[in-house]
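Reviewing the structure listed below.
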Amino acid sequence: MQNSTESESIYSNLETMGTAELISNINTEDQTVPLAVSKALPQLEKLVDAVYEKLNNGGRLFYMGAGTSGRLGILDASECPPTFGVPHGLVIGLIAGGDQAIRKAVEFAEDDTEQGWKELDEHHITAKDFVVGIAASGSTPYVLGALQKANTENIETGCIVCNANSSIAKISKFPVEVVVGPEFVTGSTRMKSGTAQKLVLNMLTTAVMIKLGRVKGNKMVDMTPTNNKLIERGVRMIMEQLKVDEEQANELLKKHGSVRKAIDFFIV
């Protein structure tokens, strides 16, 4: 397997570069990421449709990852409920080493091939659900073991990896391979690989939630108004949709708890 994420950086003597040169070169590399993502869009389309089918039929989406990849999965999962008003258990992010690994790396946790499936089993995963492995290298044992076991249990699998022809992609029914090439700092996959994974995760859940009807027009009508910024956004949406003043919109949002419910109640 060609492991491009571990390939030597095309830049050298980084410690001799000034600040302007450092950030300019990093920015140059970052600009290649969306182009790499665009090449994987046909794969991502298949993954989106497959995940949508599962969630639309009462299933859940699980993310599995280690290190940066695991943290990105947890981030994406945690943002779905407030953004789209879905239950917290609909999209679940699991990371090698458990919740403590979100803030501090847990040594050798990603090397356990059995732990990932144990954690999925604790969530009583079934064939109604979907598992997406996130791994820049495409070979993380924690992810690989979980996907292998999921396959034997007739649970559909996908992945987001940053190497071509990786072991994880080969066993995933719906692989997404975003080959970003060598990192600016050799092997530092928190950089281009992490950016690529974040872009793909954004598209995956946003597209799925739109297909599930969680967006109206281009508005997050099911968002949870849990702070002043979101309350103000909700009020503006209600004012725009119903042509009412701010005070009335605010009262409707307080009474019904969501933009969609307020709009539906008013129209009915």
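So you can find residues: chains in the structure tokens are A, B, ... in the order shown, residues in each start at 1, and ligands are numbered from 1 in order.
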Write out as a tab-separated table a residue-level contact list of stretch 8-72 of chain A versus stretch 78-81 of chain A with cut-off 12 Å: for each qualifying residue the closest pair of atoms and the distance in Å to one decimal, counting only C-alpha atoms, rows sorted by chain and residue number upward.
```
residue	atom	partner	partner_atom	distance
A:Leu61	CA	A:Cys80	CA	11.2
A:Phe62	CA	A:Ser78	CA	11.8
A:Tyr63	CA	A:Ser78	CA	11.3
A:Arg71	CA	A:Ser78	CA	10.4
A:Leu72	CA	A:Ser78	CA	9.8
```
Kindly save the residues from that selection, with C-alpha atoms included, as a JSON list (two decimals), in the first residue's frame.
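Saved to again-v9.json:
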```json
[["chain", "number", "residue", "atom", "x", "y", "z"],
["A", 61, "LEU", "CA", -24.78, 6.60, 12.03],
["A", 62, "PHE", "CA", -21.61, 5.66, 13.92],
["A", 63, "TYR", "CA", -18.20, 7.25, 13.37],
["A", 71, "ARG", "CA", -12.06, 13.89, 17.30],
["A", 72, "LEU", "CA", -13.41, 15.09, 13.95]]
```
For this session: For stretch 190-201 of chain A, list every protein, DNA or RNA residue within 10 Å, evaluated using only C-alpha atoms, and leave out those in the same chain fewer than 2 positions away; present the list as number ranges by chain.
Result: A: 5, 26, 29-38, 40-41, 44, 67-69, 71-73, 75-77, 134-137, 160-163, 176-185, 187-188, 203-207
For this session: Apply DSSP to the backbone of this structure and, from stretch 7-110 of chain A, keep only the residues in alpha helix (DSSP H); write these as a PyMOL selection string.
Result: chain A and resi 19-30+33-39+41-56+67-84
Writer output for current selection, N, CA and C atoms, as a short mmCIF file (atom, residue, chain, number, x, y, z; two decimals), in the first residue's frame:
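The resulting file, result.cif, is shown below:
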```cif
data_model
loop_
_atom_site.label_atom_id
_atom_site.label_comp_id
_atom_site.auth_asym_id
_atom_site.auth_seq_id
_atom_site.Cartn_x
_atom_site.Cartn_y
_atom_site.Cartn_z
N THR A 19 8.20 33.52 9.57
CA THR A 19 6.77 33.34 9.78
C THR A 19 5.99 33.46 8.48
N ALA A 20 6.26 34.49 7.71
CA ALA A 20 5.53 34.71 6.46
C ALA A 20 5.69 33.53 5.51
N GLU A 21 6.91 32.99 5.42
CA GLU A 21 7.16 31.87 4.53
C GLU A 21 6.46 30.61 5.03
N LEU A 22 6.50 30.39 6.34
CA LEU A 22 5.84 29.22 6.92
C LEU A 22 4.36 29.21 6.60
N ILE A 23 3.68 30.29 6.94
CA ILE A 23 2.22 30.28 6.77
C ILE A 23 1.82 30.36 5.30
N SER A 24 2.66 30.97 4.46
CA SER A 24 2.38 31.00 3.02
C SER A 24 2.47 29.60 2.43
N ASN A 25 3.48 28.85 2.83
CA ASN A 25 3.63 27.49 2.33
C ASN A 25 2.53 26.56 2.83
N ILE A 26 2.15 26.72 4.08
CA ILE A 26 1.05 25.92 4.61
C ILE A 26 -0.23 26.23 3.85
N ASN A 27 -0.46 27.51 3.60
CA ASN A 27 -1.65 27.92 2.87
C ASN A 27 -1.65 27.36 1.44
N THR A 28 -0.47 27.34 0.82
CA THR A 28 -0.36 26.78 -0.52
C THR A 28 -0.77 25.31 -0.53
N GLU A 29 -0.31 24.57 0.47
CA GLU A 29 -0.67 23.16 0.57
C GLU A 29 -2.16 22.99 0.86
N ASP A 30 -2.70 23.83 1.72
CA ASP A 30 -4.12 23.74 2.07
C ASP A 30 -5.02 23.93 0.85
N VAL A 33 -6.33 20.83 -0.99
CA VAL A 33 -7.27 19.90 -0.35
C VAL A 33 -8.63 19.86 -1.03
N PRO A 34 -9.29 20.99 -1.29
CA PRO A 34 -10.59 20.92 -1.96
C PRO A 34 -10.53 20.23 -3.32
N LEU A 35 -9.43 20.37 -4.02
CA LEU A 35 -9.27 19.70 -5.32
C LEU A 35 -9.23 18.18 -5.13
N ALA A 36 -8.54 17.74 -4.08
CA ALA A 36 -8.49 16.31 -3.78
C ALA A 36 -9.88 15.79 -3.39
N VAL A 37 -10.60 16.60 -2.61
CA VAL A 37 -11.96 16.22 -2.20
C VAL A 37 -12.87 16.10 -3.42
N SER A 38 -12.73 17.02 -4.36
CA SER A 38 -13.61 17.02 -5.53
C SER A 38 -13.48 15.72 -6.33
N LYS A 39 -12.29 15.13 -6.33
CA LYS A 39 -12.09 13.88 -7.06
C LYS A 39 -12.82 12.71 -6.39
N LEU A 41 -15.85 13.00 -4.94
CA LEU A 41 -17.29 13.27 -4.86
C LEU A 41 -18.16 12.11 -5.35
N PRO A 42 -17.79 11.40 -6.43
CA PRO A 42 -18.62 10.26 -6.83
C PRO A 42 -18.71 9.19 -5.74
N GLN A 43 -17.60 8.96 -5.03
CA GLN A 43 -17.64 8.01 -3.91
C GLN A 43 -18.51 8.55 -2.78
N LEU A 44 -18.36 9.84 -2.50
CA LEU A 44 -19.13 10.45 -1.41
C LEU A 44 -20.62 10.43 -1.70
N GLU A 45 -21.00 10.61 -2.95
CA GLU A 45 -22.42 10.56 -3.32
C GLU A 45 -23.03 9.22 -2.94
N LYS A 46 -22.31 8.15 -3.20
CA LYS A 46 -22.81 6.81 -2.86
C LYS A 46 -22.93 6.64 -1.35
N LEU A 47 -21.95 7.17 -0.61
CA LEU A 47 -21.98 7.07 0.85
C LEU A 47 -23.15 7.86 1.42
N VAL A 48 -23.35 9.08 0.93
CA VAL A 48 -24.47 9.90 1.40
C VAL A 48 -25.80 9.18 1.21
N ASP A 49 -26.02 8.65 0.02
CA ASP A 49 -27.29 7.97 -0.26
C ASP A 49 -27.48 6.74 0.61
N ALA A 50 -26.39 6.00 0.86
CA ALA A 50 -26.48 4.80 1.68
C ALA A 50 -26.77 5.14 3.13
N VAL A 51 -26.11 6.17 3.66
CA VAL A 51 -26.38 6.61 5.04
C VAL A 51 -27.79 7.13 5.17
N TYR A 52 -28.22 7.91 4.20
CA TYR A 52 -29.60 8.43 4.22
C TYR A 52 -30.62 7.31 4.30
N GLU A 53 -30.43 6.27 3.52
CA GLU A 53 -31.39 5.15 3.53
C GLU A 53 -31.49 4.54 4.92
N LYS A 54 -30.36 4.37 5.59
CA LYS A 54 -30.37 3.79 6.93
C LYS A 54 -31.06 4.71 7.93
N LEU A 55 -30.70 5.99 7.93
CA LEU A 55 -31.28 6.92 8.89
C LEU A 55 -32.76 7.15 8.62
N ASN A 56 -33.13 7.14 7.36
CA ASN A 56 -34.53 7.34 7.00
C ASN A 56 -35.40 6.18 7.42
N GLY A 67 -7.32 9.50 17.37
CA GLY A 67 -6.61 10.76 17.26
C GLY A 67 -7.45 11.84 16.59
N THR A 68 -6.83 12.57 15.67
CA THR A 68 -7.53 13.65 14.96
C THR A 68 -8.79 13.14 14.28
N SER A 69 -8.69 12.00 13.64
CA SER A 69 -9.85 11.43 12.92
C SER A 69 -11.01 11.17 13.87
N GLY A 70 -10.71 10.61 15.03
CA GLY A 70 -11.75 10.34 16.01
C GLY A 70 -12.38 11.61 16.53
N ARG A 71 -11.55 12.62 16.78
CA ARG A 71 -12.06 13.89 17.30
C ARG A 71 -12.96 14.57 16.27
N LEU A 72 -12.59 14.48 15.00
CA LEU A 72 -13.41 15.09 13.95
C LEU A 72 -14.77 14.40 13.85
N GLY A 73 -14.79 13.08 14.01
CA GLY A 73 -16.06 12.36 14.00
C GLY A 73 -16.95 12.78 15.15
N ILE A 74 -16.37 12.93 16.34
CA ILE A 74 -17.12 13.35 17.51
C ILE A 74 -17.64 14.77 17.32
N LEU A 75 -16.81 15.63 16.75
CA LEU A 75 -17.23 17.01 16.48
C LEU A 75 -18.44 17.03 15.55
N ASP A 76 -18.37 16.29 14.47
CA ASP A 76 -19.47 16.28 13.51
C ASP A 76 -20.74 15.72 14.15
N ALA A 77 -20.59 14.64 14.92
CA ALA A 77 -21.75 14.04 15.57
C ALA A 77 -22.38 14.99 16.58
N SER A 78 -21.54 15.70 17.32
CA SER A 78 -22.05 16.58 18.38
C SER A 78 -22.76 17.80 17.83
N GLU A 79 -22.46 18.16 16.57
CA GLU A 79 -23.07 19.36 15.99
C GLU A 79 -24.40 19.08 15.30
N CYS A 80 -24.72 17.80 15.09
CA CYS A 80 -25.98 17.48 14.40
C CYS A 80 -27.23 17.83 15.21
N PRO A 81 -27.29 17.51 16.51
CA PRO A 81 -28.50 17.84 17.27
C PRO A 81 -28.82 19.34 17.33
N PRO A 82 -27.85 20.21 17.69
CA PRO A 82 -28.21 21.63 17.74
C PRO A 82 -28.47 22.24 16.37
N THR A 83 -27.81 21.72 15.34
CA THR A 83 -27.97 22.30 14.00
C THR A 83 -29.25 21.84 13.33
N PHE A 84 -29.57 20.56 13.48
CA PHE A 84 -30.70 19.99 12.73
C PHE A 84 -31.83 19.48 13.62
#
```
Exercise. Which of these, A:Pro87, A:Pro141, A:Gly65, A:Gly93, has the shortest distance to A:Phe108 once you count only C-alpha atoms?
Worked result: A:Pro141
Exercise. Got a sec: who's within 6 Å of stretch 253-264 of chain A, counting only C-alpha atoms, leaving out chain neighbours fewer than 3 positions off, as a list in words?
Worked result: Val221, Asp222, Gly234, Asn250 and Ile267 of chain A
Selection above as a file: C-alpha atoms, as a PDB file, in the first residue's frame:
```pdb
ATOM      1  CA  VAL A 221     -35.603  25.429  10.820  1.00  0.00           C
ATOM      2  CA  ASP A 222     -35.077  22.516  13.220  1.00  0.00           C
ATOM      3  CA  GLY A 234     -34.635  31.812  14.801  1.00  0.00           C
ATOM      4  CA  ASN A 250     -39.986  35.983  19.586  1.00  0.00           C
ATOM      5  CA  ILE A 267     -49.786  28.706   9.019  1.00  0.00           C
TER       6      ILE A 267
END
```
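Going from atom CA of A:Lys243 over to atom CA of A:Val208, you cover 29.7 Å.
Interatomic distance, atom CA of A:Pro175 against atom CA of A:Gly138: 10.2 Å.
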For this session: Compile the contact shell of A:Glu110 as a PyMOL selection string: residues with an atom at most 10 Å away, counting only C-alpha atoms, same-chain residues fewer than 2 positions apart removed.
Result: chain A and resi 65-67+70+95-97+105-108+112-113+115-116+140-144
Writer output for current selection, C-alpha atoms, as an mmCIF file, in the first residue's frame:
```cif
data_model
loop_
_atom_site.group_PDB
_atom_site.id
_atom_site.type_symbol
_atom_site.label_atom_id
_atom_site.label_comp_id
_atom_site.auth_asym_id
_atom_site.auth_seq_id
_atom_site.Cartn_x
_atom_site.Cartn_y
_atom_site.Cartn_z
ATOM 1 C CA GLY A 65 -11.651 6.943 14.561
ATOM 2 C CA ALA A 66 -8.436 7.525 16.503
ATOM 3 C CA GLY A 67 -6.611 10.764 17.257
ATOM 4 C CA GLY A 70 -11.747 10.339 16.008
ATOM 5 C CA ILE A 95 -12.767 7.455 19.542
ATOM 6 C CA ALA A 96 -9.996 5.022 20.413
ATOM 7 C CA GLY A 97 -9.195 5.473 24.085
ATOM 8 C CA ALA A 105 -3.918 11.130 23.505
ATOM 9 C CA VAL A 106 -4.234 7.638 24.965
ATOM 10 C CA GLU A 107 -1.125 5.585 24.189
ATOM 11 C CA PHE A 108 -1.582 2.545 21.939
ATOM 12 C CA ASP A 112 -6.445 -2.556 19.636
ATOM 13 C CA THR A 113 -8.297 -4.409 16.879
ATOM 14 C CA GLN A 115 -12.009 -2.533 21.207
ATOM 15 C CA GLY A 116 -13.865 -0.737 18.415
ATOM 16 C CA THR A 140 -5.808 2.129 11.948
ATOM 17 C CA PRO A 141 -6.354 -1.218 13.751
ATOM 18 C CA TYR A 142 -9.111 0.167 16.028
ATOM 19 C CA VAL A 143 -11.111 1.163 12.949
ATOM 20 C CA LEU A 144 -10.156 -1.782 10.776
#
```
For this session: Identify which of the residues A:Ile10, A:Ile171, A:Val91, A:Met64 lies closest to A:Glu119, counting only C-alpha atoms when measuring atom-to-atom distances.
Result: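 That would be A:Met64, the residue with the smallest distance to A:Glu119.
Note that atom CA of A:Asp111 and atom CA of A:Thr186 are 21.1 Å apart.
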Problem set entry | stretch 61-258 of chain A: residues DSSP assigns to strand (DSSP E), reported as a PyMOL selection string | chain A and resi 61-65+91-95+130-135+156-161+174-177
Can you spit out the residues from that selection as a PDB file, in the first residue's frame, using N, CA and C atoms?
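The resulting file, result-v8.pdb, is shown below:
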```pdb
ATOM      1  N   LEU A  61     -26.086   6.472  12.667  1.00  0.00           N
ATOM      2  CA  LEU A  61     -24.779   6.595  12.026  1.00  0.00           C
ATOM      3  C   LEU A  61     -23.708   6.610  13.106  1.00  0.00           C
ATOM      4  N   PHE A  62     -22.746   5.706  12.995  1.00  0.00           N
ATOM      5  CA  PHE A  62     -21.613   5.658  13.917  1.00  0.00           C
ATOM      6  C   PHE A  62     -20.337   6.064  13.194  1.00  0.00           C
ATOM      7  N   TYR A  63     -19.534   6.926  13.842  1.00  0.00           N
ATOM      8  CA  TYR A  63     -18.198   7.246  13.367  1.00  0.00           C
ATOM      9  C   TYR A  63     -17.190   6.529  14.264  1.00  0.00           C
ATOM     10  N   MET A  64     -16.147   5.961  13.641  1.00  0.00           N
ATOM     11  CA  MET A  64     -15.068   5.310  14.388  1.00  0.00           C
ATOM     12  C   MET A  64     -13.746   5.939  13.962  1.00  0.00           C
ATOM     13  N   GLY A  65     -12.937   6.373  14.926  1.00  0.00           N
ATOM     14  CA  GLY A  65     -11.651   6.943  14.561  1.00  0.00           C
ATOM     15  C   GLY A  65     -10.708   7.024  15.738  1.00  0.00           C
ATOM     16  N   VAL A  91     -26.491  10.323  15.517  1.00  0.00           N
ATOM     17  CA  VAL A  91     -25.125  10.284  14.993  1.00  0.00           C
ATOM     18  C   VAL A  91     -24.193  10.198  16.189  1.00  0.00           C
ATOM     19  N   ILE A  92     -23.391   9.146  16.245  1.00  0.00           N
ATOM     20  CA  ILE A  92     -22.564   8.863  17.417  1.00  0.00           C
ATOM     21  C   ILE A  92     -21.098   8.760  17.008  1.00  0.00           C
ATOM     22  N   GLY A  93     -20.242   9.499  17.674  1.00  0.00           N
ATOM     23  CA  GLY A  93     -18.814   9.443  17.399  1.00  0.00           C
ATOM     24  C   GLY A  93     -18.082   8.661  18.474  1.00  0.00           C
ATOM     25  N   LEU A  94     -17.282   7.697  18.066  1.00  0.00           N
ATOM     26  CA  LEU A  94     -16.484   6.894  18.993  1.00  0.00           C
ATOM     27  C   LEU A  94     -15.009   7.084  18.677  1.00  0.00           C
ATOM     28  N   ILE A  95     -14.192   7.208  19.724  1.00  0.00           N
ATOM     29  CA  ILE A  95     -12.767   7.455  19.542  1.00  0.00           C
ATOM     30  C   ILE A  95     -11.956   6.431  20.325  1.00  0.00           C
ATOM     31  N   PHE A 130     -25.371   2.165  10.489  1.00  0.00           N
ATOM     32  CA  PHE A 130     -24.299   2.346   9.500  1.00  0.00           C
ATOM     33  C   PHE A 130     -23.037   2.780  10.234  1.00  0.00           C
ATOM     34  N   VAL A 131     -21.892   2.225   9.846  1.00  0.00           N
ATOM     35  CA  VAL A 131     -20.621   2.573  10.483  1.00  0.00           C
ATOM     36  C   VAL A 131     -19.670   3.192   9.455  1.00  0.00           C
ATOM     37  N   VAL A 132     -19.137   4.354   9.781  1.00  0.00           N
ATOM     38  CA  VAL A 132     -18.138   5.015   8.937  1.00  0.00           C
ATOM     39  C   VAL A 132     -16.827   5.089   9.702  1.00  0.00           C
ATOM     40  N   GLY A 133     -15.794   4.464   9.178  1.00  0.00           N
ATOM     41  CA  GLY A 133     -14.473   4.553   9.771  1.00  0.00           C
ATOM     42  C   GLY A 133     -13.734   5.760   9.219  1.00  0.00           C
ATOM     43  N   ILE A 134     -13.102   6.514  10.107  1.00  0.00           N
ATOM     44  CA  ILE A 134     -12.342   7.698   9.697  1.00  0.00           C
ATOM     45  C   ILE A 134     -10.886   7.456  10.062  1.00  0.00           C
ATOM     46  N   ALA A 135     -10.023   7.418   9.061  1.00  0.00           N
ATOM     47  CA  ALA A 135      -8.610   7.123   9.315  1.00  0.00           C
ATOM     48  C   ALA A 135      -7.762   7.677   8.185  1.00  0.00           C
ATOM     49  N   GLU A 156     -23.781  -2.260   7.259  1.00  0.00           N
ATOM     50  CA  GLU A 156     -23.128  -1.559   6.156  1.00  0.00           C
ATOM     51  C   GLU A 156     -22.031  -0.629   6.670  1.00  0.00           C
ATOM     52  N   THR A 157     -20.957  -0.551   5.898  1.00  0.00           N
ATOM     53  CA  THR A 157     -19.781   0.206   6.315  1.00  0.00           C
ATOM     54  C   THR A 157     -19.304   1.159   5.230  1.00  0.00           C
ATOM     55  N   GLY A 158     -18.705   2.238   5.682  1.00  0.00           N
ATOM     56  CA  GLY A 158     -18.064   3.198   4.791  1.00  0.00           C
ATOM     57  C   GLY A 158     -16.813   3.713   5.466  1.00  0.00           C
ATOM     58  N   CYS A 159     -16.059   4.546   4.784  1.00  0.00           N
ATOM     59  CA  CYS A 159     -14.857   5.102   5.405  1.00  0.00           C
ATOM     60  C   CYS A 159     -14.472   6.415   4.735  1.00  0.00           C
ATOM     61  N   ILE A 160     -13.671   7.178   5.464  1.00  0.00           N
ATOM     62  CA  ILE A 160     -13.065   8.396   4.939  1.00  0.00           C
ATOM     63  C   ILE A 160     -11.577   8.268   5.203  1.00  0.00           C
ATOM     64  N   VAL A 161     -10.799   8.044   4.162  1.00  0.00           N
ATOM     65  CA  VAL A 161      -9.360   7.827   4.294  1.00  0.00           C
ATOM     66  C   VAL A 161      -8.605   8.761   3.349  1.00  0.00           C
ATOM     67  N   PHE A 174     -18.635   1.335   1.153  1.00  0.00           N
ATOM     68  CA  PHE A 174     -18.731   2.681   0.580  1.00  0.00           C
ATOM     69  C   PHE A 174     -17.508   3.513   0.996  1.00  0.00           C
ATOM     70  N   PRO A 175     -16.363   3.274   0.360  1.00  0.00           N
ATOM     71  CA  PRO A 175     -15.150   4.026   0.719  1.00  0.00           C
ATOM     72  C   PRO A 175     -15.126   5.413   0.081  1.00  0.00           C
ATOM     73  N   VAL A 176     -14.574   6.366   0.820  1.00  0.00           N
ATOM     74  CA  VAL A 176     -14.290   7.698   0.279  1.00  0.00           C
ATOM     75  C   VAL A 176     -12.802   7.929   0.479  1.00  0.00           C
ATOM     76  N   GLU A 177     -12.077   8.016  -0.619  1.00  0.00           N
ATOM     77  CA  GLU A 177     -10.624   8.134  -0.572  1.00  0.00           C
ATOM     78  C   GLU A 177     -10.213   9.518  -1.075  1.00  0.00           C
TER      79      GLU A 177
END
```
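Using only C-alpha atoms, the shortest contact distance between A:Val215 and any of A:Gly85, A:Phe266, A:His123, A:Glu240 is found at A:Gly85.
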Exercise. Which of these, A:Leu252, A:Ala150, A:Ile102, A:Met237, has the shortest distance to A:Glu114 once you count only C-alpha atoms?
Worked result: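 So, comparing all the options, the nearest one is A:Ala150.
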